[in-house]
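Coordinates as given in data_18.pdb (PDB, C-alpha atoms and all ligand atoms):
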ATOM      1  CA  MET O   1      -8.058  19.214  -4.753
ATOM      2  CA  LYS O   2      -4.512  18.287  -3.740
ATOM      3  CA  LEU O   3      -2.774  15.435  -5.539
ATOM      4  CA  PHE O   4      -0.868  12.824  -3.534
ATOM      5  CA  LEU O   5       1.102   9.862  -4.871
ATOM      6  CA  ASP O   6       0.044   6.392  -3.738
ATOM      7  CA  THR O   7       3.439   4.732  -3.786
ATOM      8  CA  ALA O   8       6.514   4.018  -1.712
ATOM      9  CA  VAL O   9       8.875   4.133  -4.691
ATOM     10  CA  TYR O  10      11.275   7.017  -4.069
ATOM     11  CA  GLU O  11      12.049   7.685  -7.744
ATOM     12  CA  GLU O  12       8.338   8.108  -8.524
ATOM     13  CA  ILE O  13       7.867  10.498  -5.611
ATOM     14  CA  LYS O  14      10.969  12.462  -6.617
ATOM     15  CA  ALA O  15       9.599  12.834 -10.161
ATOM     16  CA  GLY O  16       6.227  14.080  -8.858
ATOM     17  CA  VAL O  17       7.975  16.548  -6.545
ATOM     18  CA  ASP O  18      10.214  17.777  -9.370
ATOM     19  CA  TRP O  19       7.155  18.368 -11.568
ATOM     20  CA  GLY O  20       5.754  20.480  -8.722
ATOM     21  CA  VAL O  21       2.346  18.822  -8.776
ATOM     22  CA  ILE O  22       2.161  16.665  -5.648
ATOM     23  CA  ASP O  23       1.544  17.646  -2.031
ATOM     24  CA  GLY O  24       1.894  14.334  -0.255
ATOM     25  CA  VAL O  25       2.296  10.589  -0.358
ATOM     26  CA  THR O  26       0.258   7.667   0.916
ATOM     27  CA  THR O  27       1.895   4.365   1.705
ATOM     28  CA  ASN O  28       0.487   1.134   3.040
ATOM     29  CA  PRO O  29       2.047  -2.219   3.971
ATOM     30  CA  THR O  30       1.411  -3.573   0.449
ATOM     31  CA  LEU O  31       3.132  -0.606  -1.220
ATOM     32  CA  ILE O  32       6.103  -0.749   1.179
ATOM     33  CA  ALA O  33       6.465  -4.487   0.502
ATOM     34  CA  LYS O  34       6.319  -3.836  -3.265
ATOM     35  CA  ALA O  35       9.005  -1.150  -3.031
ATOM     36  CA  GLY O  36      11.166  -3.705  -1.179
ATOM     37  CA  HIS O  37      12.637  -1.377   1.438
ATOM     38  CA  ASP O  38      12.811  -1.140   5.217
ATOM     39  CA  HIS O  39       9.675   0.722   6.350
ATOM     40  CA  GLU O  40      11.345   3.251   8.658
ATOM     41  CA  GLU O  41      14.216   3.988   6.302
ATOM     42  CA  GLN O  42      11.887   4.485   3.340
ATOM     43  CA  VAL O  43       9.371   6.714   5.154
ATOM     44  CA  LYS O  44      12.178   8.904   6.522
ATOM     45  CA  LYS O  45      13.693   9.212   3.047
ATOM     46  CA  ILE O  46      10.347  10.208   1.531
ATOM     47  CA  CYS O  47       9.770  12.777   4.312
ATOM     48  CA  GLN O  48      12.993  14.535   3.278
ATOM     49  CA  ILE O  49      11.410  15.669   0.011
ATOM     50  CA  ILE O  50       7.663  15.995   0.676
ATOM     51  CA  GLY O  51       5.203  16.772   3.491
ATOM     52  CA  ASN O  52       2.033  14.787   4.349
ATOM     53  CA  VAL O  53       3.393  11.244   4.257
ATOM     54  CA  SER O  54       0.903   8.640   5.458
ATOM     55  CA  ALA O  55       2.464   5.622   7.157
ATOM     56  CA  GLU O  56       0.229   2.784   8.294
ATOM     57  CA  VAL O  57       0.212   0.866  11.581
ATOM     58  CA  VAL O  58       0.232  -2.924  11.317
ATOM     59  CA  SER O  59      -0.512  -3.779  14.953
ATOM     60  CA  GLU O  60      -3.889  -5.316  15.717
ATOM     61  CA  THR O  61      -4.891  -4.072  19.162
ATOM     62  CA  LYS O  62      -5.625  -0.553  20.339
ATOM     63  CA  ASP O  63      -2.719  -0.422  22.791
ATOM     64  CA  ASP O  64      -0.214  -1.812  20.301
ATOM     65  CA  MET O  65      -1.446   0.595  17.617
ATOM     66  CA  ILE O  66      -0.978   3.538  19.975
ATOM     67  CA  VAL O  67       2.611   2.522  20.688
ATOM     68  CA  GLU O  68       3.286   1.899  16.998
ATOM     69  CA  GLY O  69       1.528   5.112  15.906
ATOM     70  CA  LYS O  70       3.670   7.167  18.289
ATOM     71  CA  ARG O  71       6.778   5.482  16.913
ATOM     72  CA  LEU O  72       5.758   6.220  13.296
ATOM     73  CA  ALA O  73       5.008   9.854  14.175
ATOM     74  CA  SER O  74       8.399  10.193  15.895
ATOM     75  CA  TRP O  75      10.162   9.401  12.615
ATOM     76  CA  HIS O  76       9.376  12.820  11.120
ATOM     77  CA  PRO O  77       6.894  15.703  11.610
ATOM     78  CA  ASN O  78       5.619  15.106   8.051
ATOM     79  CA  VAL O  79       4.262  11.666   9.023
ATOM     80  CA  ILE O  80       0.485  11.188   9.155
ATOM     81  CA  VAL O  81      -0.401   7.964  10.975
ATOM     82  CA  LYS O  82      -2.802   5.687   9.119
ATOM     83  CA  VAL O  83      -5.113   3.512  11.202
ATOM     84  CA  PRO O  84      -7.656   1.009   9.884
ATOM     85  CA  MET O  85     -11.420   1.530  10.091
ATOM     86  CA  THR O  86     -11.852  -1.000  12.913
ATOM     87  CA  PRO O  87     -12.925  -0.465  16.534
ATOM     88  CA  ASP O  88      -9.308  -0.849  17.703
ATOM     89  CA  GLY O  89      -8.039   1.347  14.869
ATOM     90  CA  LEU O  90     -10.444   4.144  15.703
ATOM     91  CA  ALA O  91      -9.841   3.932  19.463
ATOM     92  CA  ALA O  92      -6.092   4.116  18.839
ATOM     93  CA  GLY O  93      -6.614   6.923  16.318
ATOM     94  CA  LYS O  94      -8.575   8.911  18.891
ATOM     95  CA  ALA O  95      -5.806   8.598  21.487
ATOM     96  CA  LEU O  96      -3.135   9.500  18.929
ATOM     97  CA  ALA O  97      -5.148  12.471  17.608
ATOM     98  CA  ALA O  98      -5.602  13.692  21.185
ATOM     99  CA  SER O  99      -1.818  13.737  21.542
ATOM    100  CA  GLY O 100      -1.550  15.988  18.462
ATOM    101  CA  ILE O 101      -0.718  13.369  15.825
ATOM    102  CA  ARG O 102      -2.439  13.701  12.431
ATOM    103  CA  ILE O 103      -4.535  10.610  11.684
ATOM    104  CA  ASN O 104      -5.615   9.133   8.350
ATOM    105  CA  VAL O 105      -8.404   6.558   8.744
ATOM    106  CA  THR O 106      -8.001   4.054   5.937
ATOM    107  CA  LEU O 107     -10.170   1.308   4.433
ATOM    108  CA  CYS O 108     -13.320   3.457   4.467
ATOM    109  CA  PHE O 109     -16.177   2.254   2.263
ATOM    110  CA  SER O 110     -19.288   4.124   3.465
ATOM    111  CA  VAL O 111     -20.645   7.434   4.719
ATOM    112  CA  ASN O 112     -21.273   5.915   8.147
ATOM    113  CA  GLN O 113     -17.658   4.799   8.445
ATOM    114  CA  ALA O 114     -16.580   8.312   7.417
ATOM    115  CA  LEU O 115     -18.735   9.734  10.222
ATOM    116  CA  LEU O 116     -16.925   7.461  12.682
ATOM    117  CA  ALA O 117     -13.570   8.720  11.387
ATOM    118  CA  ALA O 118     -14.731  12.302  11.901
ATOM    119  CA  ALA O 119     -15.943  11.450  15.408
ATOM    120  CA  ILE O 120     -12.424  10.522  16.549
ATOM    121  CA  GLY O 121     -10.976  13.752  15.145
ATOM    122  CA  ALA O 122      -9.256  12.209  12.118
ATOM    123  CA  TYR O 123      -7.319  14.641   9.946
ATOM    124  CA  ILE O 124      -8.076  12.553   6.840
ATOM    125  CA  VAL O 125     -10.529   9.823   5.884
ATOM    126  CA  SER O 126      -9.677   7.588   2.920
ATOM    127  CA  PRO O 127     -12.590   6.115   0.983
ATOM    128  CA  PHE O 128     -11.348   3.439  -1.452
ATOM    129  CA  ALA O 129     -13.206   4.189  -4.673
ATOM    130  CA  GLY O 130     -11.629   1.560  -6.934
ATOM    131  CA  ARG O 131     -12.243  -1.325  -4.538
ATOM    132  CA  LEU O 132     -15.929  -0.382  -4.361
ATOM    133  CA  ASP O 133     -16.061  -0.350  -8.176
ATOM    134  CA  ASP O 134     -14.442  -3.823  -8.081
ATOM    135  CA  ILE O 135     -17.490  -5.200  -6.262
ATOM    136  CA  ASN O 136     -19.962  -3.449  -8.566
ATOM    137  CA  GLU O 137     -20.632  -0.489  -6.274
ATOM    138  CA  ASP O 138     -20.149   3.143  -7.298
ATOM    139  CA  GLY O 139     -16.973   4.227  -5.514
ATOM    140  CA  MET O 140     -17.123   7.847  -6.606
ATOM    141  CA  ARG O 141     -20.751   8.095  -5.479
ATOM    142  CA  VAL O 142     -19.558   7.153  -1.981
ATOM    143  CA  VAL O 143     -16.797   9.787  -2.158
ATOM    144  CA  ALA O 144     -19.345  12.424  -3.236
ATOM    145  CA  ASP O 145     -21.765  11.394  -0.478
ATOM    146  CA  ILE O 146     -19.045  11.634   2.184
ATOM    147  CA  VAL O 147     -18.100  15.127   0.942
ATOM    148  CA  SER O 148     -21.756  16.145   1.026
ATOM    149  CA  ALA O 149     -22.375  14.723   4.535
ATOM    150  CA  TYR O 150     -19.224  16.403   5.869
ATOM    151  CA  ARG O 151     -20.277  19.764   4.357
ATOM    152  CA  GLN O 152     -23.768  19.506   5.844
ATOM    153  CA  GLN O 153     -22.306  18.649   9.248
ATOM    154  CA  SER O 154     -19.470  21.226   9.055
ATOM    155  CA  ILE O 155     -16.938  18.417   9.572
ATOM    156  CA  LYS O 156     -13.341  19.451   8.988
ATOM    157  CA  THR O 157     -11.849  15.976   8.352
ATOM    158  CA  LYS O 158     -10.364  15.948   4.839
ATOM    159  CA  VAL O 159     -11.770  13.513   2.272
ATOM    160  CA  LEU O 160      -8.985  11.706   0.428
ATOM    161  CA  ALA O 161     -10.159   9.695  -2.579
ATOM    162  CA  ALA O 162      -8.029   6.524  -2.560
ATOM    163  CA  SER O 163      -7.809   3.362  -4.628
ATOM    164  CA  ILE O 164      -7.763   5.563  -7.721
ATOM    165  CA  ARG O 165      -7.300   3.498 -10.856
ATOM    166  CA  THR O 166      -7.851   5.817 -13.845
ATOM    167  CA  PRO O 167      -7.490   9.474 -14.902
ATOM    168  CA  MET O 168     -11.306   9.623 -15.060
ATOM    169  CA  HIS O 169     -11.411   8.749 -11.342
ATOM    170  CA  VAL O 170      -9.296  11.862 -10.678
ATOM    171  CA  THR O 171     -11.714  14.106 -12.571
ATOM    172  CA  GLN O 172     -14.663  12.517 -10.782
ATOM    173  CA  ALA O 173     -13.024  12.953  -7.369
ATOM    174  CA  ALA O 174     -12.423  16.649  -8.088
ATOM    175  CA  LEU O 175     -16.016  17.134  -9.258
ATOM    176  CA  ALA O 176     -17.231  15.294  -6.138
ATOM    177  CA  GLY O 177     -15.400  17.875  -4.013
ATOM    178  CA  ALA O 178     -12.716  15.582  -2.545
ATOM    179  CA  ASP O 179      -9.957  17.498  -0.739
ATOM    180  CA  ILE O 180      -7.232  15.128  -1.916
ATOM    181  CA  SER O 181      -6.789  12.296  -4.415
ATOM    182  CA  THR O 182      -3.966   9.809  -4.080
ATOM    183  CA  LEU O 183      -2.780   8.400  -7.386
ATOM    184  CA  PRO O 184      -0.579   5.560  -8.590
ATOM    185  CA  PHE O 185       2.360   7.028 -10.523
ATOM    186  CA  ALA O 186       1.012   5.770 -13.873
ATOM    187  CA  VAL O 187      -2.241   7.673 -13.321
ATOM    188  CA  LEU O 188      -0.361  10.852 -12.362
ATOM    189  CA  LYS O 189       1.689  10.643 -15.581
ATOM    190  CA  ALA O 190      -1.473  10.056 -17.613
ATOM    191  CA  LEU O 191      -2.960  13.348 -16.344
ATOM    192  CA  PHE O 192      -0.468  15.253 -18.503
ATOM    193  CA  ASN O 193      -1.602  13.579 -21.698
ATOM    194  CA  HIS O 194      -3.806  15.107 -24.364
ATOM    195  CA  PRO O 195      -3.329  14.531 -28.123
ATOM    196  CA  LEU O 196      -3.953  18.226 -28.874
ATOM    197  CA  THR O 197      -1.245  19.269 -26.391
ATOM    198  CA  GLU O 198       1.224  16.896 -28.049
ATOM    199  CA  ALA O 199       0.300  17.993 -31.586
ATOM    200  CA  GLY O 200       0.263  21.686 -30.633
ATOM    201  CA  GLN O 201       3.675  21.563 -28.982
ATOM    202  CA  LYS O 202       5.161  19.673 -31.954
ATOM    203  CA  ARG O 203       3.810  22.347 -34.329
ATOM    204  CA  PHE O 204       5.082  25.259 -32.184
ATOM    205  CA  LEU O 205       8.569  23.785 -32.109
ATOM    206  CA  GLU O 206       8.573  23.091 -35.862
ATOM    207  CA  ASP O 207       7.448  26.673 -36.598
ATOM    208  CA  TYR O 208      10.085  28.078 -34.250
ATOM    209  CA  ARG O 209      12.818  26.014 -35.938
ATOM    210  CA  LYS O 210      11.752  27.434 -39.313
ATOM    211  CA  THR O 211      12.489  30.958 -38.044
ATOM    212  CA  GLN O 212      15.999  29.792 -37.164
ATOM    213  CA  GLU O 213      16.794  28.525 -40.720
ATOM    214  CA  PRO O 214      19.074  30.738 -42.842
ATOM    215  CA  GLN O 215      16.997  33.238 -44.935
ATOM    216  CA  LYS O 216      16.577  32.083 -48.528
ATOM    217  CA  VAL O 217      18.225  34.474 -50.993
ATOM    218  CA  LYS O 218      15.570  36.189 -53.079
ATOM    219  CA  ALA O 219      16.047  35.923 -56.861
TER     220      ALA O 219
HETATM  221  O1  LIG E 301      -4.505   4.407  -0.991
HETATM  222  C1  LIG E 301      -5.205   3.195  -0.984
HETATM  223  C2  LIG E 301      -4.779   2.398  -2.143
HETATM  224  O2  LIG E 301      -3.459   2.047  -1.953
HETATM  225  C3  LIG E 301      -5.569   1.200  -2.467
HETATM  226  O3  LIG E 301      -5.472   1.058  -3.834
HETATM  227  O4  LIG E 301      -5.572  -0.073  -5.994
HETATM  228  O5  LIG E 301      -4.908  -1.340  -3.913
HETATM  229  O6  LIG E 301      -7.244  -0.611  -4.260
HETATM  230  P1  LIG E 301      -5.819  -0.320  -4.535
END
Do you think you could lay out the structure here as structure tokens?
Ligand code: G3P
Amino acid sequence: MKLFLDTAVYEEIKAGVDWGVIDGVTTNPTLIAKAGHDHEEQVKKICQIIGNVSAEVVSETKDDMIVEGKRLASWHPNVIVKVPMTPDGLAAGKALAASGIRINVTLCFSVNQALLAAAIGAYIVSPFAGRLDDINEDGMRVVADIVSAYRQQSIKTKVLAASIRTPMHVTQAALAGADISTLPFAVLKALFNHPLTEAGQKRFLEDYRKTQEPQKVKA
């Protein structure tokens, strides 16, 4: 399972790239607004350091989304155009996919919606696990069911577990067979943590330092 960062904050993406653990980035209008930057400028900057950068359309009709999607894709070859799981979003996604643009269908909450995303030739479908949990549904069950349906139907669309809130979600997404998980930066950092790693590393360094101390003179 590939790990993406779910952020538009350049410094966070740079850190993930420097650690060598991330393969892409997902943005959405909320994340771009939070980062407080111009959309085009920020997406282009992110594309300089990482591939697979999802950028979302904000138009509301099929024709406008097609125009906007083509503009987003023209910014950089690393851009994947995100369209919403709506009739207009899917119709626009189909036209954009037919012109060779990689499409990420976002705001997916069910197996049936994931089948629709596959039907238009989406490169990625993004089920939002955390938001399903928020309304007392089992988000990771939906992710697992989409993976299972896609495998049974030999569908090539990649399943990207989104709306990830905890390190446990990441483990569950991997066990469910998701192709990608997109994580907030805090969750990515938390993946490194284990008390035994911390204690073990501390001990190794202490033992090494002891070997560097001057030899005690034997009486
Ligand atoms: O990638 C989708 C993600 O941004 C949604 O996350 O936490 O707003 O539900 P959240």
For ligand LIG 301 (chain E), the nearest of the candidates O:Ala117, O:Leu72, O:Leu5, O:Met65, counting all atoms listed in the file
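Of O:Ala117, O:Leu72, O:Leu5, O:Met65, the one nearest ligand LIG 301 (chain E), counting all atoms listed in the file, is O:Leu5.
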Quick one: everything within 12 Å of Ile66 in chain O, counting all atoms listed in the file, minus sequence neighbours fewer than 3 positions away in the same chain. Send it as an MDAnalysis selection string.
chainID O and resid 56:63 69:73 81:83 88:99 101 103
Under the rule that all atoms listed in the file are counted, which of O:Lys2, O:Lys202, O:Lys34, O:Arg151 is the nearest residue to Ala174 in chain O?
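Of O:Lys2, O:Lys202, O:Lys34, O:Arg151, the one nearest Ala174 in chain O is O:Lys2, counting all atoms listed in the file.
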Return as a ChimeraX atom specification every polymer residue, whether protein, DNA or RNA, with at least one atom no more than 8 Å from an atom of ligand LIG 301 (chain E); count only C-alpha atoms and all ligand atoms.
/O:6-7,26-28,30-31,106-107,126,128-131,161-165,182-184
Residues as selected, C-alpha atoms, written as an mmCIF file, keeping the file's coordinate frame, can you do that?
data_model
loop_
_atom_site.group_PDB
_atom_site.id
_atom_site.type_symbol
_atom_site.label_atom_id
_atom_site.label_comp_id
_atom_site.auth_asym_id
_atom_site.auth_seq_id
_atom_site.Cartn_x
_atom_site.Cartn_y
_atom_site.Cartn_z
ATOM 1 C CA ASP O 6 0.044 6.392 -3.738
ATOM 2 C CA THR O 7 3.439 4.732 -3.786
ATOM 3 C CA THR O 26 0.258 7.667 0.916
ATOM 4 C CA THR O 27 1.895 4.365 1.705
ATOM 5 C CA ASN O 28 0.487 1.134 3.040
ATOM 6 C CA THR O 30 1.411 -3.573 0.449
ATOM 7 C CA LEU O 31 3.132 -0.606 -1.220
ATOM 8 C CA THR O 106 -8.001 4.054 5.937
ATOM 9 C CA LEU O 107 -10.170 1.308 4.433
ATOM 10 C CA SER O 126 -9.677 7.588 2.920
ATOM 11 C CA PHE O 128 -11.348 3.439 -1.452
ATOM 12 C CA ALA O 129 -13.206 4.189 -4.673
ATOM 13 C CA GLY O 130 -11.629 1.560 -6.934
ATOM 14 C CA ARG O 131 -12.243 -1.325 -4.538
ATOM 15 C CA ALA O 161 -10.159 9.695 -2.579
ATOM 16 C CA ALA O 162 -8.029 6.524 -2.560
ATOM 17 C CA SER O 163 -7.809 3.362 -4.628
ATOM 18 C CA ILE O 164 -7.763 5.563 -7.721
ATOM 19 C CA ARG O 165 -7.300 3.498 -10.856
ATOM 20 C CA THR O 182 -3.966 9.809 -4.080
ATOM 21 C CA LEU O 183 -2.780 8.400 -7.386
ATOM 22 C CA PRO O 184 -0.579 5.560 -8.590
#
Quick one: residues within 12 Å of Phe185 in chain O, only C-alpha atoms, excluding same-chain residues fewer than 2 positions away - as a ChimeraX atom specification?
/O:3-17,21-22,25-26,164-167,182-183,187-192
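The two atoms in question, CA of Gly200 in chain O and CA of Trp19 in chain O, are spaced 20.5 Å apart.
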Please compute the CA of Gly36 in chain O-CA of Val105 in chain O distance, one decimal, in Å.
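Calculated distance between CA of Gly36 in chain O and CA of Val105 in chain O is 24.2 Å.
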